[in-house]
Amino acid sequence: MSSMYRRLLVCLILSLSLTSLVSADLIQNAKAATMNVSVANGSVTLNYSLKLVENMTVFCCAPPQFQAALIGTNASGLKQSLTAAVQRLVPGAWVDQVTLQASGTNASSGFWTLSENYTIVVLGASTSKGGIVRADLALLRLNMSNPLMLDGMELNRVGTAYLLPPLLGFASGVVAPEQARYYDSGSVFLNSVVPGNDTRRFRILDFSWLPLFDGWTHDYDPFSLSSVWNFPSHAQYNLTYGRLTPEQTIAPAYVAYYSPSLEMIAPARASIQGDMLSYDVGSVLDTLMPLSVLASISILVVTFLLNRRLSARVKFRKKK
């Protein structure tokens, strides 16, 4: 093998190692939350894994187990509805791609879990000028009010479709207020009026509750390959109710719980003011530069050692 081929091989190995380093850092950052947002290359990508867990429907109207998906042209209706929701917040943006995988599973304990996994790619939310990229992340608070039916299952207006009928059915059987308790997002109620209103409003694709980034956690690391913001788990819908026992507990307890968390990943040294995320393309290159220098030095050292070894072999043969 000639010295040129050796150099090419070493360069290839070190380049792959450097790429793996960058990829591993980004993948590790993307595992922490149920809702992951990444900003790069002029697009905003939303990867949402959303779950509603409930046993209210054992009272009545138990939904079935199912699996369904929307992809490609089959998702065109969802893409249009999401684009309308995004454009109410960021007029120039649109949903370029969307896929959805959904399932409903029943457990022996009586709990039903609705899982919805979305990948949504949004374009037109960012601008670039003078090496500075700005992305309007107001779109994260999108609120899609349209129903979303897939294989006969409602996937957006889940409060009205699944949770309200058993709640109203239970409440109609309560003769006196002291016979039941309703615990709605930390507040206690003697009747179903407020819990019922909250349940009617509950939609999976309503993210208007997300606060500005001032309320998120962010640890600045100048040497990281990415900038990360986290919003902790938030009980966006949390309702428990049942008949009150003499011991002042409720039995049986009917529960529904939906508590997403969110992580947003942007390029290195990004900053946010209000909803506007900004980063310097040059800063990203500056972050990668030390790794490139290290790789170059490693290539030179390995090449030098290989050349020395080859020279020593040639001299040894000449002596023979």
# chains A, B, ... in the order shown; residues from 1 in each chain; ligands from 1
call {"tool": "select_by_dssp", "arguments": {"residues": "region 122-235 of chain A", "states": "strand (DSSP E)", "output": "JSON, numbers by chain"}}
result
{"A": [122, 123, 126, 127, 128, 129, 132, 133, 134, 135, 136, 149, 150, 153, 154, 180, 181, 182, 183, 184, 187, 188, 189, 217, 218, 226, 227, 228, 229, 230, 231]}
call {"tool": "residues_around", "arguments": {"residues": "region 56-65 of chain A", "least_positions_apart": "4", "cutoff": "9 Å", "atoms": "only C-alpha atoms", "output": "list in words"}}
result
Ser103, Gly104, Thr105, Asn106, Gly110, Phe111, Trp112, Met153, Tyr162, Leu163, Pro165, Pro166, Leu167, Gly169, Phe170, Thr240, Tyr241, Ala253, Tyr254, Val255 and Ala256 of chain A
call {"tool": "atom_distance", "arguments": {"atom1": "CA of Pro246 (chain A)", "atom2": "CA of Gln179 (chain A)"}}
result
9.7 Å
call {"tool": "closest_residue", "arguments": {"among": "A:Met149, A:Leu46, A:Met144, A:Ala68", "to": "Thr83 (chain A)", "atoms": "only C-alpha atoms"}}
result
A:Met144
call {"tool": "closest_residue", "arguments": {"among": "A:Tyr48, A:Phe66, A:Trp216, A:Tyr258", "to": "Pro232 (chain A)", "atoms": "only C-alpha atoms"}}
result
A:Trp216
call {"tool": "residues_around", "arguments": {"residues": "Gln273 (chain A)", "least_positions_apart": "3", "cutoff": "8 Å", "atoms": "only C-alpha atoms", "output": "list in words"}}
result
Phe213, Met276 and Leu277 of chain A
call {"tool": "select_by_dssp", "arguments": {"residues": "region 96-318 of chain A", "states": "alpha helix (DSSP H)", "output": "VMD selection string"}}
result
chain A and resid 158 164 to 172 193 to 201 281 to 318
call {"tool": "residues_around", "arguments": {"residues": "region 180-192 of chain A", "least_positions_apart": "4", "cutoff": "9 Å", "atoms": "only C-alpha atoms", "output": "PyMOL selection string"}}
result
chain A and resi 167-168+171+174+176+196-198+235-245+249-250
call {"tool": "residues_around", "arguments": {"residues": "Lys51 (chain A)", "least_positions_apart": "5", "cutoff": "9 Å", "atoms": "only C-alpha atoms", "output": "list in words"}}
result
Thr34, Thr113, Leu114, Ser115, Glu116, Asn117, Ile204, Tyr257, Tyr258, Ser259 and Pro260 of chain A
call {"tool": "residues_around", "arguments": {"residues": "Ala268 (chain A)", "least_positions_apart": "2", "cutoff": "9 Å", "atoms": "only C-alpha atoms", "output": "list in words"}}
result
Asp221, Pro222, Phe223, Ser224, Leu225, Ser226, Ser227, Val228, Ala266, Ala270, Tyr279, Asp280, Val281, Ser283, Val284 and Thr287 of chain A
